[in-house]
file protein.csv (CSV, C-alpha atoms and all ligand atoms)
chain,number,residue,atom,x,y,z
Y,1,MET,CA,100.2,75.3,86.2
Y,2,ASP,CA,97.7,76.7,88.5
Y,3,THR,CA,97.4,75.0,91.9
Y,4,ASP,CA,94.7,74.7,94.5
Y,5,GLY,CA,95.1,77.7,96.8
Y,6,GLY,CA,92.5,76.6,99.3
Y,7,GLY,CA,88.7,76.4,99.5
Y,8,GLY,CA,88.5,75.0,96.0
Y,9,HIS,CA,90.1,78.0,94.4
Y,10,ARG,CA,92.9,77.3,92.0
Y,11,ALA,CA,95.7,79.7,92.5
Y,12,ARG,CA,96.3,81.6,89.3
Y,13,LYS,CA,99.9,82.2,88.3
Y,14,ARG,CA,99.1,85.1,86.0
Y,15,PHE,CA,97.7,87.0,89.0
Y,16,GLY,CA,100.7,86.1,91.2
Y,17,GLN,CA,98.5,84.3,93.6
Y,18,HIS,CA,100.3,83.0,96.7
Y,19,PHE,CA,97.9,82.9,99.6
Y,20,LEU,CA,99.0,83.6,103.2
Y,21,THR,CA,98.3,80.6,105.4
Y,22,ASP,CA,100.5,81.3,108.4
Y,23,ALA,CA,98.2,82.9,111.1
Y,24,SER,CA,101.2,84.3,113.0
Y,25,VAL,CA,102.4,86.2,110.0
Y,26,VAL,CA,98.8,87.5,109.4
Y,27,GLU,CA,98.7,88.7,113.0
Y,28,ALA,CA,102.1,90.3,112.8
Y,29,ILE,CA,101.1,92.3,109.7
Y,30,VAL,CA,97.8,93.4,111.2
Y,31,ASP,CA,99.6,94.4,114.4
Y,32,ALA,CA,102.1,96.4,112.4
Y,33,ILE,CA,99.2,98.2,110.6
Y,34,ALA,CA,97.4,98.7,113.9
Y,35,PRO,CA,94.1,99.7,112.2
Y,36,ARG,CA,91.6,101.8,114.1
Y,37,GLU,CA,87.9,102.3,113.7
Y,38,GLY,CA,87.1,105.3,111.5
Y,39,GLU,CA,90.2,104.9,109.3
Y,40,LEU,CA,89.8,104.4,105.6
Y,41,LEU,CA,91.5,101.1,104.9
Y,42,VAL,CA,92.1,99.7,101.4
Y,43,GLU,CA,93.4,96.2,100.7
Y,44,ILE,CA,95.0,95.5,97.3
Y,45,GLY,CA,94.6,91.9,96.2
Y,46,PRO,CA,92.6,90.4,99.1
Y,47,GLY,CA,92.6,86.9,97.5
Y,48,LEU,CA,91.1,84.3,99.9
Y,49,ALA,CA,90.8,87.0,102.6
Y,50,ALA,CA,93.6,85.9,105.0
Y,51,LEU,CA,94.4,89.5,105.8
Y,52,THR,CA,91.0,90.8,105.0
Y,53,GLY,CA,89.3,88.7,107.7
Y,54,ALA,CA,91.9,89.6,110.3
Y,55,LEU,CA,91.6,93.3,109.5
Y,56,LEU,CA,87.8,93.1,109.7
Y,57,GLU,CA,88.1,91.8,113.3
Y,58,ARG,CA,89.6,95.2,114.2
Y,59,VAL,CA,87.6,97.6,112.0
Y,60,PRO,CA,84.0,97.7,110.8
Y,61,HIS,CA,84.7,98.3,107.2
Y,62,LEU,CA,87.3,97.8,104.5
Y,63,HIS,CA,87.7,98.5,100.8
Y,64,ALA,CA,89.3,95.8,98.6
Y,65,VAL,CA,90.6,96.0,95.1
Y,66,GLU,CA,90.8,92.5,93.5
Y,67,ILE,CA,91.4,91.7,89.8
Y,68,ASP,CA,90.3,88.1,89.9
Y,69,ARG,CA,86.6,87.9,89.1
Y,70,ASP,CA,86.1,84.6,90.9
Y,71,LEU,CA,87.8,85.9,94.0
Y,72,ALA,CA,85.8,89.1,93.9
Y,73,ALA,CA,82.6,87.2,93.7
Y,74,ARG,CA,83.6,84.9,96.6
Y,75,LEU,CA,84.4,88.0,98.7
Y,76,ARG,CA,81.0,89.5,97.9
Y,77,ARG,CA,79.3,86.3,99.0
Y,78,ARG,CA,81.3,86.0,102.2
Y,79,TYR,CA,81.1,89.6,103.5
Y,80,ALA,CA,78.2,92.0,103.6
Y,81,ALA,CA,78.6,95.2,101.6
Y,82,GLN,CA,78.5,97.3,104.8
Y,83,ARG,CA,81.7,95.5,105.9
Y,84,LEU,CA,83.6,95.0,102.7
Y,85,THR,CA,83.4,97.1,99.5
Y,86,VAL,CA,84.8,95.0,96.7
Y,87,HIS,CA,86.2,96.9,93.7
Y,88,GLU,CA,86.7,94.3,91.0
Y,89,ALA,CA,89.6,96.1,89.2
Y,90,ASP,CA,93.2,96.1,88.2
Y,91,ALA,CA,95.0,98.0,90.9
Y,92,LEU,CA,97.4,99.4,88.2
Y,93,ARG,CA,94.4,101.2,86.6
Y,94,PHE,CA,92.2,101.7,89.6
Y,95,ASP,CA,91.4,105.3,90.6
Y,96,PHE,CA,92.2,105.4,94.3
Y,97,GLY,CA,90.9,108.9,94.3
Y,98,THR,CA,87.3,107.6,94.1
Y,99,ILE,CA,87.6,106.1,97.6
Y,100,ALA,CA,89.6,108.9,99.2
Y,101,GLY,CA,87.8,110.4,102.2
Y,102,SER,CA,86.8,113.9,102.6
Y,103,GLY,CA,89.2,116.1,104.5
Y,104,ALA,CA,92.8,115.5,105.5
Y,105,ARG,CA,91.8,113.3,108.4
Y,106,ARG,CA,90.5,110.6,106.2
Y,107,ARG,CA,93.5,109.7,104.1
Y,108,LEU,CA,93.8,106.1,102.9
Y,109,ARG,CA,95.7,103.4,104.7
Y,110,ILE,CA,96.7,101.0,102.0
Y,111,VAL,CA,97.7,97.4,102.7
Y,112,GLY,CA,98.4,94.3,100.6
Y,113,ASN,CA,100.3,91.2,100.0
Y,114,LEU,CA,101.1,92.3,96.5
Y,115,PRO,CA,101.6,90.1,93.4
Y,116,TYR,CA,105.3,90.4,92.8
Y,117,ASN,CA,105.0,91.0,89.0
Y,118,VAL,CA,103.1,94.3,89.5
Y,119,SER,CA,104.7,95.6,92.7
Y,120,SER,CA,107.1,98.1,91.2
Y,121,PRO,CA,104.7,99.7,88.7
Y,122,LEU,CA,102.0,99.8,91.4
Y,123,LEU,CA,104.4,101.6,93.8
Y,124,VAL,CA,105.1,104.2,91.1
Y,125,ARG,CA,101.4,104.5,90.3
Y,126,LEU,CA,100.4,105.1,93.9
Y,127,LEU,CA,102.7,108.2,93.9
Y,128,ASP,CA,99.9,109.9,91.9
Y,129,PHE,CA,97.5,109.4,94.8
Y,130,ARG,CA,99.8,110.1,97.7
Y,131,ALA,CA,98.1,113.3,98.7
Y,132,GLY,CA,95.1,111.2,99.7
Y,133,ILE,CA,97.2,108.4,101.3
Y,134,GLU,CA,98.5,108.2,104.9
Y,135,ASP,CA,100.6,105.1,104.7
Y,136,GLN,CA,101.1,101.8,102.9
Y,137,HIS,CA,102.0,98.4,104.4
Y,138,PHE,CA,103.0,95.9,101.8
Y,139,MET,CA,104.4,92.4,101.6
Y,140,LEU,CA,106.8,92.3,98.7
Y,141,GLN,CA,109.6,90.2,97.4
Y,142,ARG,CA,112.5,90.7,99.8
Y,143,GLU,CA,114.8,92.1,97.1
Y,144,VAL,CA,112.2,94.8,96.3
Y,145,VAL,CA,112.0,95.8,99.9
Y,146,GLN,CA,115.8,95.9,100.2
Y,147,ARG,CA,115.9,98.2,97.2
Y,148,ILE,CA,113.1,100.5,98.7
Y,149,VAL,CA,115.0,101.0,102.0
Y,150,ALA,CA,118.6,100.9,100.6
Y,151,SER,CA,121.2,103.5,101.6
Y,152,ALA,CA,123.4,105.2,99.0
Y,153,SER,CA,126.7,103.4,98.1
Y,154,THR,CA,125.1,99.9,98.6
Y,155,ARG,CA,124.4,97.4,95.9
Y,156,GLU,CA,120.7,97.6,96.3
Y,157,PHE,CA,120.5,101.4,96.0
Y,158,GLY,CA,118.9,102.5,92.8
Y,159,ARG,CA,116.0,104.4,91.1
Y,160,LEU,CA,113.3,102.7,93.3
Y,161,SER,CA,115.2,103.6,96.5
Y,162,VAL,CA,115.5,107.3,95.6
Y,163,LEU,CA,112.0,107.6,94.2
Y,164,MET,CA,110.3,105.9,97.2
Y,165,GLN,CA,112.5,107.6,99.9
Y,166,ALA,CA,111.8,111.0,98.2
Y,167,PHE,CA,108.1,110.7,98.9
Y,168,TYR,CA,107.8,108.2,101.8
Y,169,ASP,CA,109.5,107.5,105.1
Y,170,VAL,CA,110.3,103.8,104.6
Y,171,GLU,CA,110.9,101.1,107.1
Y,172,ARG,CA,111.5,97.4,106.6
Y,173,LEU,CA,109.5,95.5,109.2
Y,174,PHE,CA,110.2,91.8,109.0
Y,175,ASP,CA,110.9,88.9,106.6
Y,176,VAL,CA,108.4,86.1,105.7
Y,177,PRO,CA,109.6,82.7,104.4
Y,178,PRO,CA,108.0,80.9,101.4
Y,179,SER,CA,106.5,78.3,103.8
Y,180,ALA,CA,104.0,81.0,105.0
Y,181,PHE,CA,102.1,80.8,101.7
Y,182,ASP,CA,100.1,78.3,99.6
Y,183,PRO,CA,101.5,77.7,97.0
Y,184,PRO,CA,104.9,78.8,98.3
Y,185,PRO,CA,106.7,81.4,96.1
Y,186,LYS,CA,110.2,80.8,94.9
Y,187,VAL,CA,111.4,83.9,96.7
Y,188,GLU,CA,111.6,85.3,100.2
Y,189,SER,CA,109.3,88.1,101.2
Y,190,SER,CA,109.4,91.1,103.5
Y,191,VAL,CA,106.9,93.6,104.9
Y,192,VAL,CA,107.6,97.3,104.4
Y,193,ARG,CA,105.9,100.3,106.0
Y,194,MET,CA,105.8,103.5,103.9
Y,195,ARG,CA,104.4,106.7,105.4
Y,196,VAL,CA,103.7,109.5,103.0
Y,197,ARG,CA,106.1,112.5,103.5
Y,198,ILE,CA,103.9,115.5,104.0
Y,199,ASP,CA,106.9,117.8,103.4
Y,200,ARG,CA,107.2,116.5,99.9
Y,201,LEU,CA,103.5,116.6,98.9
Y,202,ALA,CA,103.9,119.7,96.8
Y,203,HIS,CA,106.7,118.2,94.7
Y,204,ASP,CA,106.0,116.7,91.3
Y,205,PRO,CA,107.8,113.3,91.0
Y,206,SER,CA,108.3,113.8,87.2
Y,207,PRO,CA,111.6,115.8,87.3
Y,208,LEU,CA,113.1,113.3,89.7
Y,209,GLN,CA,112.0,110.4,87.6
Y,210,ALA,CA,113.6,112.0,84.6
Y,211,VAL,CA,117.0,112.6,86.2
Y,212,LEU,CA,117.0,109.1,87.7
Y,213,ALA,CA,116.2,107.5,84.4
Y,214,VAL,CA,119.1,109.4,82.8
Y,215,ALA,CA,121.6,108.6,85.5
Y,216,PHE,CA,120.7,105.0,86.5
Y,217,THR,CA,120.2,103.6,83.0
Y,218,GLN,CA,124.0,103.4,83.0
Y,219,ARG,CA,124.6,103.0,86.7
Y,220,ARG,CA,128.3,102.1,86.4
Y,221,LYS,CA,129.1,105.3,84.5
Y,222,MET,CA,130.2,108.5,86.2
Y,223,ILE,CA,127.7,111.3,86.1
Y,224,ARG,CA,130.1,113.4,84.1
Y,225,THR,CA,129.2,111.3,81.0
Y,226,THR,CA,125.5,110.9,81.7
Y,227,LEU,CA,123.7,113.2,84.1
Y,228,LEU,CA,125.8,116.3,83.8
Y,229,PRO,CA,125.8,116.7,80.0
Y,230,TRP,CA,122.0,116.1,80.2
Y,231,LEU,CA,121.6,118.9,82.7
Y,232,ASP,CA,123.9,121.2,80.7
Y,233,ALA,CA,121.8,120.6,77.6
Y,234,ARG,CA,118.7,121.8,79.5
Y,235,GLN,CA,120.4,124.7,81.1
Y,236,VAL,CA,119.9,123.3,84.6
Y,237,PRO,CA,122.6,124.4,87.0
Y,238,ARG,CA,125.1,121.6,87.8
Y,239,PRO,CA,124.9,120.3,91.4
Y,240,ALA,CA,127.9,120.9,93.7
Y,241,ILE,CA,129.2,117.4,93.6
Y,242,ALA,CA,132.2,115.6,92.1
Y,243,PRO,CA,131.6,114.7,88.4
Y,244,THR,CA,133.3,111.4,89.0
Y,245,LEU,CA,130.5,110.1,91.3
Y,246,ARG,CA,128.4,107.2,90.1
Y,247,PRO,CA,124.6,107.6,90.6
Y,248,GLU,CA,124.5,105.0,93.4
Y,249,GLN,CA,126.9,107.2,95.4
Y,250,ILE,CA,124.6,110.2,95.4
Y,251,GLU,CA,122.4,110.5,98.6
Y,252,VAL,CA,118.6,111.1,98.4
Y,253,PRO,CA,118.7,114.7,99.6
Y,254,MET,CA,121.1,115.6,96.7
Y,255,TRP,CA,118.8,113.8,94.2
Y,256,LEU,CA,116.0,115.9,95.6
Y,257,SER,CA,118.0,119.1,95.1
Y,258,ILE,CA,118.9,118.2,91.5
Y,259,ALA,CA,115.2,117.4,90.8
Y,260,ASP,CA,114.2,120.8,92.3
Y,261,SER,CA,116.7,122.6,90.0
Y,262,CYS,CA,115.1,120.7,87.1
Y,263,ALA,CA,111.6,121.6,88.2
Y,264,ALA,CA,112.5,125.2,87.7
Y,265,VAL,CA,112.8,124.6,83.9
Y,266,SER,CA,110.0,123.7,81.6
Y,267,ASP,CA,108.7,120.1,81.1
Y,268,VAL,CA,109.5,120.4,77.4
Y,269,ARG,CA,113.2,121.0,78.1
Y,270,LEU,CA,113.3,118.0,80.5
Y,271,ARG,CA,112.2,115.6,77.8
Y,301,LIG,N1,96.1,89.0,100.2
Y,301,LIG,C1,96.0,87.6,99.9
Y,301,LIG,C2,96.8,86.8,100.9
Y,301,LIG,O1,97.7,87.4,101.5
Y,301,LIG,O2,96.7,85.6,101.0
Y,301,LIG,C3,96.4,87.2,98.5
Y,301,LIG,C4,97.8,87.6,98.1
Y,301,LIG,S1,98.2,87.1,96.4
Y,301,LIG,C5,100.0,87.2,96.6
Y,301,LIG,C6,97.9,88.5,95.4
Y,301,LIG,C7,96.5,88.9,95.2
Y,301,LIG,O3,96.4,90.0,94.3
Y,301,LIG,C8,95.6,87.9,94.5
Y,301,LIG,O4,94.3,87.8,95.1
Y,301,LIG,C9,95.5,88.3,93.1
Y,301,LIG,O5,94.3,87.9,92.4
Y,301,LIG,C10,95.5,89.8,93.3
Y,301,LIG,N2,96.0,90.6,92.1
Y,301,LIG,C11,96.9,90.3,91.2
Y,301,LIG,N3,97.1,91.3,90.3
Y,301,LIG,C12,96.3,92.3,90.7
Y,301,LIG,C13,96.0,93.6,90.2
Y,301,LIG,N4,96.7,94.0,89.1
Y,301,LIG,N5,95.1,94.3,90.8
Y,301,LIG,C14,94.4,93.9,91.9
Y,301,LIG,N6,94.6,92.6,92.4
Y,301,LIG,C15,95.5,91.9,91.9

call {"tool": "encode", "arguments": {"input": "protein.csv", "output": "structure tokens", "more": "lines below"}}
Ligand code: SAM
result
Amino acid sequence: MDTDGGGGHRARKRFGQHFLTDASVVEAIVDAIAPREGELLVEIGPGLAALTGALLERVPHLHAVEIDRDLAARLRRRYAAQRLTVHEADALRFDFGTIAGSGARRRLRIVGNLPYNVSSPLLVRLLDFRAGIEDQHFMLQREVVQRIVASASTREFGRLSVLMQAFYDVERLFDVPPSAFDPPPKVESSVVRMRVRIDRLAHDPSPLQAVLAVAFTQRRKMIRTTLLPWLDARQVPRPAIAPTLRPEQIEVPMWLSIADSCAAVSDVRLR
């Protein structure tokens, strides 16, 4: 059932609405972002404006992408258009390129306390826009953050770890308990910082996504029965690693090297 999230708004479960009510957590997130005047800030899912308001104390203007029509209308009533540009849209479909600044010095800084049901697809989608993004600060379910920052040979290490670390420098900042939200979620949360890796901007994520899908779909299997035959069939040279390795034992730089070898063959062969 939907519950009153404050100010008369009923928190909508289908939009993953858990509103931040702990001012010290809001402050810690804004301190971590350290926004400065002149930067192009975009908040995904501003909700009842807990973060929005705190960010607007530090910068004159912010973009916000909110799917909930009622919340978008509230935000427009509360903040003048010169201060907050509200994009009433689904962040999973939104074209972040439309608010990218001109020139490399105006890359987007994206922030958000994300709805947990859309966090992984959104992270993958934002890869498409990364050339126009400087960094991302997100509150996510703690397990998702653990997966994003995980090292090889740990339980949490998987596709999301490799994909995110391939294109971002990632850092887990701090944990946030359910009591910081209204209504409280059933899970613990963490805040993660992700800075776009400029050295990887020219690389297409698709070959990496393809090899990760092949290897991690059966993550307990050795690569000699999954990844290596797949590479052979596409005439991609085998990497110089033991065929008895399982995908979670392969470090990110080796995944990048395998993806680079794949990138040298055509898309058609990769399918
Ligand atoms: N930022 C607020 C806070 O910290 O209190 C709200 C956080 S709440 C967890 C998630 C917010 O994202 C809600 O406002 C919800 O309506 C919005 N939202 C959910 N799905 C979305 C989507 N696909 N695109 C854009 N906003 C979305």

call {"tool": "residues_near_ligand", "arguments": {"input": "protein.csv", "ligand": "ligand LIG 301 (chain Y)", "cutoff": "6 Å", "atoms": "all atoms listed in the file", "output": "mmCIF file with C-alpha atoms, in the frame of the given file"}}
result
data_model
loop_
_atom_site.group_PDB
_atom_site.id
_atom_site.type_symbol
_atom_site.label_atom_id
_atom_site.label_comp_id
_atom_site.auth_asym_id
_atom_site.auth_seq_id
_atom_site.Cartn_x
_atom_site.Cartn_y
_atom_site.Cartn_z
ATOM 1 C CA PHE Y 15 97.700 87.000 89.000
ATOM 2 C CA GLY Y 16 100.700 86.100 91.200
ATOM 3 C CA GLN Y 17 98.500 84.300 93.600
ATOM 4 C CA HIS Y 18 100.300 83.000 96.700
ATOM 5 C CA PHE Y 19 97.900 82.900 99.600
ATOM 6 C CA LEU Y 20 99.000 83.600 103.200
ATOM 7 C CA ILE Y 44 95.000 95.500 97.300
ATOM 8 C CA GLY Y 45 94.600 91.900 96.200
ATOM 9 C CA PRO Y 46 92.600 90.400 99.100
ATOM 10 C CA GLY Y 47 92.600 86.900 97.500
ATOM 11 C CA LEU Y 48 91.100 84.300 99.900
ATOM 12 C CA ALA Y 49 90.800 87.000 102.600
ATOM 13 C CA ALA Y 50 93.600 85.900 105.000
ATOM 14 C CA LEU Y 51 94.400 89.500 105.800
ATOM 15 C CA VAL Y 65 90.600 96.000 95.100
ATOM 16 C CA GLU Y 66 90.800 92.500 93.500
ATOM 17 C CA ILE Y 67 91.400 91.700 89.800
ATOM 18 C CA ASP Y 68 90.300 88.100 89.900
ATOM 19 C CA ALA Y 89 89.600 96.100 89.200
ATOM 20 C CA ASP Y 90 93.200 96.100 88.200
ATOM 21 C CA ALA Y 91 95.000 98.000 90.900
ATOM 22 C CA LEU Y 92 97.400 99.400 88.200
ATOM 23 C CA GLY Y 112 98.400 94.300 100.600
ATOM 24 C CA ASN Y 113 100.300 91.200 100.000
ATOM 25 C CA LEU Y 114 101.100 92.300 96.500
ATOM 26 C CA PRO Y 115 101.600 90.100 93.400
#

call {"tool": "closest_residue", "arguments": {"input": "protein.csv", "among": "Y:Pro253, Y:Arg58, Y:Phe129, Y:Thr244", "to": "Asp31 (chain Y)", "atoms": "only C-alpha atoms"}}
result
Y:Arg58

call {"tool": "closest_atom_pairs", "arguments": {"input": "protein.csv", "of": "region 38-137 of chain Y", "to": "region 148-171 of chain Y", "cutoff": "9 Å", "atoms": "only C-alpha atoms", "output": "Markdown table"}}
result
| residue | atom | partner | partner_atom | distance |
| --- | --- | --- | --- | --- |
| Y:Ser120 | CA | Y:Leu160 | CA | 8.0 |
| Y:Leu123 | CA | Y:Met164 | CA | 8.1 |
| Y:Val124 | CA | Y:Met164 | CA | 8.2 |
| Y:Leu127 | CA | Y:Phe167 | CA | 7.8 |
| Y:Arg130 | CA | Y:Phe167 | CA | 8.4 |
| Y:Asp135 | CA | Y:Tyr168 | CA | 8.4 |

call {"tool": "atom_distance", "arguments": {"input": "protein.csv", "atom1": "CA of Glu43 (chain Y)", "atom2": "CA of Val176 (chain Y)"}}
result
18.8 Å

call {"tool": "residues_around", "arguments": {"input": "protein.csv", "residues": "Leu208 (chain Y)", "least_positions_apart": "2", "cutoff": "10 Å", "atoms": "all atoms listed in the file", "output": "list in words"}}
result
Arg159, Val162, Leu163, Ala166, His203, Asp204, Pro205, Ser206, Ala210, Val211, Leu212, Ala213, Val214, Trp255, Leu256, Ser257, Ile258, Ala259, Asp260, Ser261, Cys262 and Ala263 of chain Y

call {"tool": "closest_residue", "arguments": {"input": "protein.csv", "among": "Y:Ala11, Y:Ile110, Y:Val192, Y:Ala242", "to": "Leu140 (chain Y)", "atoms": "all atoms listed in the file"}}
result
Y:Val192

call {"tool": "atom_distance", "arguments": {"input": "protein.csv", "atom1": "CA of Leu40 (chain Y)", "atom2": "CA of Pro177 (chain Y)"}}
result
29.4 Å

call {"tool": "residues_around", "arguments": {"input": "protein.csv", "residues": "Leu245 (chain Y)", "least_positions_apart": "5", "cutoff": "10 Å", "atoms": "all atoms listed in the file", "output": "list in words"}}
result
Arg220, Lys221, Met222, Ile223, Arg224 and Ile250 of chain Y

call {"tool": "closest_residue", "arguments": {"input": "protein.csv", "among": "Y:Gln136, Y:His63, Y:Ala131, Y:Ser119", "to": "Ala32 (chain Y)", "atoms": "only C-alpha atoms"}}
result
Y:Gln136

call {"tool": "closest_residue", "arguments": {"input": "protein.csv", "among": "Y:Val42, Y:Arg125, Y:Leu173, Y:Leu201", "to": "Val86 (chain Y)", "atoms": "all atoms listed in the file"}}
result
Y:Val42

call {"tool": "residues_near_point", "arguments": {"input": "protein.csv", "point": "(110.0, 91.4, 104.4)", "cutoff": "9 Å", "atoms": "all atoms listed in the file", "output": "PyMOL selection string"}}
result
chain Y and resi 138-143+145-146+172-177+188-192

call {"tool": "residues_around", "arguments": {"input": "protein.csv", "residues": "Leu62 (chain Y)", "least_positions_apart": "3", "cutoff": "12 Å", "atoms": "all atoms listed in the file", "output": "PyMOL selection string"}}
result
chain Y and resi 35-44+46+49+51-59+65+75+79-87+99+108-111

call {"tool": "closest_residue", "arguments": {"input": "protein.csv", "among": "Y:Tyr116, Y:Pro237, Y:Thr226, Y:Glu134", "to": "Lys13 (chain Y)", "atoms": "all atoms listed in the file"}}
result
Y:Tyr116

call {"tool": "closest_residue", "arguments": {"input": "protein.csv", "among": "Y:Arg246, Y:Arg77, Y:Arg107, Y:Arg12", "to": "Leu228 (chain Y)", "atoms": "all atoms listed in the file"}}
result
Y:Arg246

call {"tool": "atom_distance", "arguments": {"input": "protein.csv", "atom1": "CA of Arg238 (chain Y)", "atom2": "CA of Met254 (chain Y)"}}
result
11.5 Å

call {"tool": "residues_around", "arguments": {"input": "protein.csv", "residues": "Ser179 (chain Y)", "least_positions_apart": "3", "cutoff": "10 Å", "atoms": "all atoms listed in the file", "output": "PyMOL selection string"}}
result
chain Y and resi 20-22+176+182-186+188

call {"tool": "decode", "arguments": {"input": "protein.csv", "residues": "region 129-165 of chain Y", "atoms": "C-alpha atoms", "output": "PDB file, in the first residue's frame"}}
result
ATOM      1  CA  PHE Y 129      25.867   9.307 -22.113  1.00  0.00           C
ATOM      2  CA  ARG Y 130      29.158   9.048 -20.283  1.00  0.00           C
ATOM      3  CA  ALA Y 131      31.088  11.228 -22.736  1.00  0.00           C
ATOM      4  CA  GLY Y 132      28.944  14.122 -21.499  1.00  0.00           C
ATOM      5  CA  ILE Y 133      29.135  13.150 -17.811  1.00  0.00           C
ATOM      6  CA  GLU Y 134      31.782  14.083 -15.261  1.00  0.00           C
ATOM      7  CA  ASP Y 135      30.619  12.054 -12.288  1.00  0.00           C
ATOM      8  CA  GLN Y 136      27.654  10.358 -10.590  1.00  0.00           C
ATOM      9  CA  HIS Y 137      26.776  10.218  -6.892  1.00  0.00           C
ATOM     10  CA  PHE Y 138      24.051   7.724  -6.151  1.00  0.00           C
ATOM     11  CA  MET Y 139      22.320   6.305  -3.123  1.00  0.00           C
ATOM     12  CA  LEU Y 140      21.611   2.678  -3.929  1.00  0.00           C
ATOM     13  CA  GLN Y 141      20.742  -0.531  -2.184  1.00  0.00           C
ATOM     14  CA  ARG Y 142      23.891  -1.505  -0.244  1.00  0.00           C
ATOM     15  CA  GLU Y 143      24.237  -4.824  -2.112  1.00  0.00           C
ATOM     16  CA  VAL Y 144      24.263  -3.010  -5.455  1.00  0.00           C
ATOM     17  CA  VAL Y 145      27.040  -0.675  -4.272  1.00  0.00           C
ATOM     18  CA  GLN Y 146      28.991  -3.672  -2.948  1.00  0.00           C
ATOM     19  CA  ARG Y 147      28.707  -5.247  -6.400  1.00  0.00           C
ATOM     20  CA  ILE Y 148      29.772  -2.044  -8.182  1.00  0.00           C
ATOM     21  CA  VAL Y 149      32.982  -1.693  -6.135  1.00  0.00           C
ATOM     22  CA  ALA Y 150      33.764  -5.425  -5.652  1.00  0.00           C
ATOM     23  CA  SER Y 151      37.224  -6.856  -6.339  1.00  0.00           C
ATOM     24  CA  ALA Y 152      37.798 -10.050  -8.323  1.00  0.00           C
ATOM     25  CA  SER Y 153      37.586 -13.334  -6.401  1.00  0.00           C
ATOM     26  CA  THR Y 154      34.919 -12.048  -4.015  1.00  0.00           C
ATOM     27  CA  ARG Y 155      31.302 -13.168  -3.779  1.00  0.00           C
ATOM     28  CA  GLU Y 156      29.993  -9.778  -4.937  1.00  0.00           C
ATOM     29  CA  PHE Y 157      32.192  -9.593  -8.055  1.00  0.00           C
ATOM     30  CA  GLY Y 158      30.153  -9.954 -11.235  1.00  0.00           C
ATOM     31  CA  ARG Y 159      28.995  -8.343 -14.461  1.00  0.00           C
ATOM     32  CA  LEU Y 160      28.019  -5.046 -12.864  1.00  0.00           C
ATOM     33  CA  SER Y 161      31.431  -4.778 -11.112  1.00  0.00           C
ATOM     34  CA  VAL Y 162      33.360  -5.241 -14.355  1.00  0.00           C
ATOM     35  CA  LEU Y 163      31.073  -3.081 -16.471  1.00  0.00           C
ATOM     36  CA  MET Y 164      31.089  -0.157 -14.037  1.00  0.00           C
ATOM     37  CA  GLN Y 165      34.803  -0.356 -13.159  1.00  0.00           C
TER      38      GLN Y 165
END
